[in-house]
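Take a look at the structure set out below.
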Amino acid sequence: MTNLYTKTVAELSRELHAKKISARELTTYFLDRIKQQNSKLNSFITLCEEQALKQAKEADALLASGKATSVTGIPIAQKDIFCTKGIRTTCGSKILDNFIAPYNATSVENFNRAGCILLGKTNMDEFAMGGSNENSFYGAVRNPWSLDCVPGGSSGGSAAAVAACLTPAATGTDTGGSIRQPAALCGITGLKPTYGRVSRYGMVAFASSLDQGGLLARTAEDIAMLLEVMAGYDPKDSTSVNREVPHYAHELNHPIKGLKVGLPKEYFGEGLHPEVAQAVQETAKLLEKQGAKLMDISMPHTALAVAAYYILAPAECSSNLSRYDGVRYGYRCKDPKDLKDMYCRSRTEGFGAEVKRRILIGTHALSSGYYDAYYLKAQKIRRLIHNDFLKAFEEIDILLTPSSPFPAFKLGEKLNDPVAMYLCDIDTIAVNLAGLPGLSMPAGFTQRNLPIGAQLIGNYFEEAKILAVAHRYQQLTDWHLKMPEEFNI
């Protein structure tokens with residue numbers, strides 16, 4: 001069992017169903033690997049050993065009975081923003097350090113029903129606010145490819161854990177790029193589905209009109225298998241779309257000959273790292289060799305996306321985070337003098353600097369006299385960006401762009417420069433503003449051996465199309481199979 005960590009979800013599924021390995025053996029293997037390797041990364045906040053072994057026993061019974069699903073017995077990790085019954089859900093924040101959820105998020109429940117095994121809860125930027133995973137109350141996460149670099153954020157714990165093969169797959173959330181950017185920086189595959197494709201029930205809210213749950217794994221095939229479980233209509237979520245879930249894994253082998261691939265010029269301009277630009281252009285050429293047609297297009301309002309996002313997301317965050325007041329659950333300051341003192345000190349002591357910054361920005365943008373000047377104008381820009389995508393999809397099938405304008409940067413390099421940190425998401429934010437599906441896939445390495453990601457953007461509910469393109473690309477390349485030397489043991 002020494003090389004199990006190198007296997008994909010699809011490969012492990014075949015071994016489980018062929019009875020070459022049991023779910024208990026597989027679960028114990030990954031739990032031991034986390035205990036041995038996690039101290040280098042700080043990718044997990046909570047390890048769920050007792051529950052995982054219990055679930056593994058149930059999975060083995062399902063496998064023996066012939067009632068197993070394709071992912072029964074597969075160990076996964078959950079980003080610590082998904083509520084898990086009886087297990088603490090911290091969102092990477094001091095204010096929720098002692099919070100034990102009384103129910104499961106719908107996504108968690110879906111995986112439980114399918115027979116997946118919860119290894120643990122992964123580290124993250126506090127309340128999903130950040131692009132480097134340095135904003136966690138539990139400390140920064142490190143990039144497996146270079147331990148002095150960031151893994152990206154906010155789903156950095158999930159991305160680092162998958163890249164270091166501490167788990168075959170993990171969930172994440174994506175509000176402005178928080179799955180795709182860390183996937184790119186860690187050299188794995190990450191998918192943000194169409195808004196409404198995955199239930200947000202039990203996923204702690206940052207910005208409700210932008211948040212979307214998704215997946216990180218080594219291959220597009222793995223994500224297709226898991227998305228069939230995670231996606232679906234949920235009556236408990238008013239933003240969930242009542243639409244049939246395709247058999248994503250069965251649709252991976254569609255040929256890409258004749259596919260029209262748009263290359264928006266706005267994503268290849270100033271600020272793009274030259275090695276990233278070269279890798280994405282080489283990705284385009286490889287797709288062209290497979291019969292795809294490359295088309296240069298323009299998305300004229302892309303430059304406004306970051307500014308609009310950092311009005312809208314903080315505005316929604318200031319509303320959503322008002323519930324953390326020290327009264328009902330979560331952190332409460334010691335010996336408050338009165339109710340006002342309890343509110344002020346609980347929030348001051350419980351929230352980190354970045355969360356406070358965004359609450360203040362959002363509250364200001366929504367305040368009397370500023371609503372029309374900031375929030376309303378940002379919503380109008382959001383509509384223009386949405387229209388850019390609709391117009392583009394009249395001519396092309398998918399878009400190809402960088403996932404991140406640069407590879408992983410050093411820990412602490414941008415921590416004290418909020419604007420520089422916000423610009424980390426410049427290639428991903430527009431997708432969230434429009435509610436579209438986006439996927440990051442490994443597309444090369446820099447001379448410093450840092451991963452580079454290429455982003456595929458599809459039209460609404462066309463996850464199957466971008467997964468198929470990514471799968472075909474991964475059949476032709478081996479970037480997704482490469483492993484950080486530190487963890488290839």
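We label chains A, B, ... in the order they appear in the structure tokens, count residues from 1 in each chain, and number ligands from 1 in the order shown.
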
Can you write out as CSV which residues of stretch 196-281 of chain A fall within 8 Å of stretch 118-136 of chain A, alongside each residue's closest atom pair and its distance in Å to one decimal, counting only C-alpha atoms and ordering rows by chain and ascending residue number?
residue,atom,partner,partner_atom,distance
A:Val204,CA,A:Phe127,CA,7.8
A:Ala205,CA,A:Phe127,CA,7.9
A:Phe206,CA,A:Phe127,CA,6.3

Find the residues of stretch 162-264 of chain A that sit at most 7 Å from stretch 66-77 of chain A; for each, write down the nearest two atoms and how far apart they are in Å, to one decimal. Count only C-alpha atoms. Sort by chain, then by number going up, and give it as a tab-separated table.
residue	atom	partner	partner_atom	distance
A:Thr167	CA	A:Ile76	CA	5.9
A:Pro168	CA	A:Ile76	CA	6.3
A:Ala169	CA	A:Ile76	CA	5.2
A:Ala170	CA	A:Ala77	CA	4.5
A:Thr171	CA	A:Ala77	CA	6.5

Just the strand (DSSP E or B) stuff from stretch 144-208 of chain A, please, per backbone DSSP, written as a ChimeraX atom specification. /A:146,149,169-173,189-192,203

Taking the DSSP assignment computed from this structure's backbone, write out as a count of residues only all residues of stretch 135-199 of chain A that belong to helix (DSSP H, G or I). 15

If we count only C-alpha atoms, what is near A:Met225 at a cut-off of 6 Å, once residues fewer than 3 positions away on the same chain are taken out, given as a ChimeraX atom specification? /A:222,228,249

I'd like to know which of A:Glu354, A:Asp174, A:Asp296, A:Glu251 is closest to A:Asp425, using only C-alpha atoms.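 Closest to A:Asp425, using only C-alpha atoms: A:Asp174.
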
May I have a table of the residues of stretch 271-343 of chain A lying at most 12 Å from stretch 369-374 of chain A, giving each one's closest pair of atoms and their distance in Å to one decimal, counting only C-alpha atoms, ordered by chain and ascending residue number, as a tab-separated table?
residue	atom	partner	partner_atom	distance
A:Ala307	CA	A:Tyr374	CA	9.9
A:Ala308	CA	A:Tyr374	CA	8.5
A:Tyr309	CA	A:Tyr374	CA	11.0
A:Tyr310	CA	A:Tyr374	CA	10.2
A:Ile311	CA	A:Tyr374	CA	6.8
A:Leu312	CA	A:Tyr374	CA	8.8
A:Pro314	CA	A:Tyr374	CA	11.6
A:Ala315	CA	A:Tyr371	CA	10.0

Generate a file of the selected residues that holds N, CA and C atoms, formatted as a PDB file, in the first residue's frame.
ATOM      1  N   ALA A 307     -12.734  46.103  -9.098  1.00  0.00           N
ATOM      2  CA  ALA A 307     -13.334  47.233  -8.378  1.00  0.00           C
ATOM      3  C   ALA A 307     -14.782  46.943  -8.001  1.00  0.00           C
ATOM      4  N   ALA A 308     -15.542  46.376  -8.927  1.00  0.00           N
ATOM      5  CA  ALA A 308     -16.943  46.062  -8.640  1.00  0.00           C
ATOM      6  C   ALA A 308     -17.052  44.989  -7.562  1.00  0.00           C
ATOM      7  N   TYR A 309     -16.218  43.976  -7.681  1.00  0.00           N
ATOM      8  CA  TYR A 309     -16.255  42.871  -6.710  1.00  0.00           C
ATOM      9  C   TYR A 309     -15.969  43.366  -5.302  1.00  0.00           C
ATOM     10  N   TYR A 310     -14.982  44.249  -5.156  1.00  0.00           N
ATOM     11  CA  TYR A 310     -14.598  44.694  -3.817  1.00  0.00           C
ATOM     12  C   TYR A 310     -15.487  45.817  -3.282  1.00  0.00           C
ATOM     13  N   ILE A 311     -16.576  46.069  -3.951  1.00  0.00           N
ATOM     14  CA  ILE A 311     -17.712  46.785  -3.362  1.00  0.00           C
ATOM     15  C   ILE A 311     -18.808  45.781  -2.997  1.00  0.00           C
ATOM     16  N   LEU A 312     -19.145  44.900  -3.931  1.00  0.00           N
ATOM     17  CA  LEU A 312     -20.272  43.980  -3.737  1.00  0.00           C
ATOM     18  C   LEU A 312     -19.991  42.922  -2.672  1.00  0.00           C
ATOM     19  N   PRO A 314     -17.737  42.851  -0.075  1.00  0.00           N
ATOM     20  CA  PRO A 314     -17.748  43.393   1.285  1.00  0.00           C
ATOM     21  C   PRO A 314     -19.127  43.849   1.749  1.00  0.00           C
ATOM     22  N   ALA A 315     -19.939  44.388   0.822  1.00  0.00           N
ATOM     23  CA  ALA A 315     -21.294  44.794   1.208  1.00  0.00           C
ATOM     24  C   ALA A 315     -22.091  43.598   1.712  1.00  0.00           C
TER      25      ALA A 315
END

Skip A:Leu31 itself and residues of its chain fewer than 2 positions away, then list as a VMD selection string all residues within 12 Å of it, counting only C-alpha atoms. chain A and resid 5 24 to 29 33 to 38 44 46 to 53 56 75 to 77 117 to 120 161 165 to 168

Report, in Å to a single decimal, how far apart atom CA of A:Gly177 and atom CA of A:Ile429 are. 6.0 Å
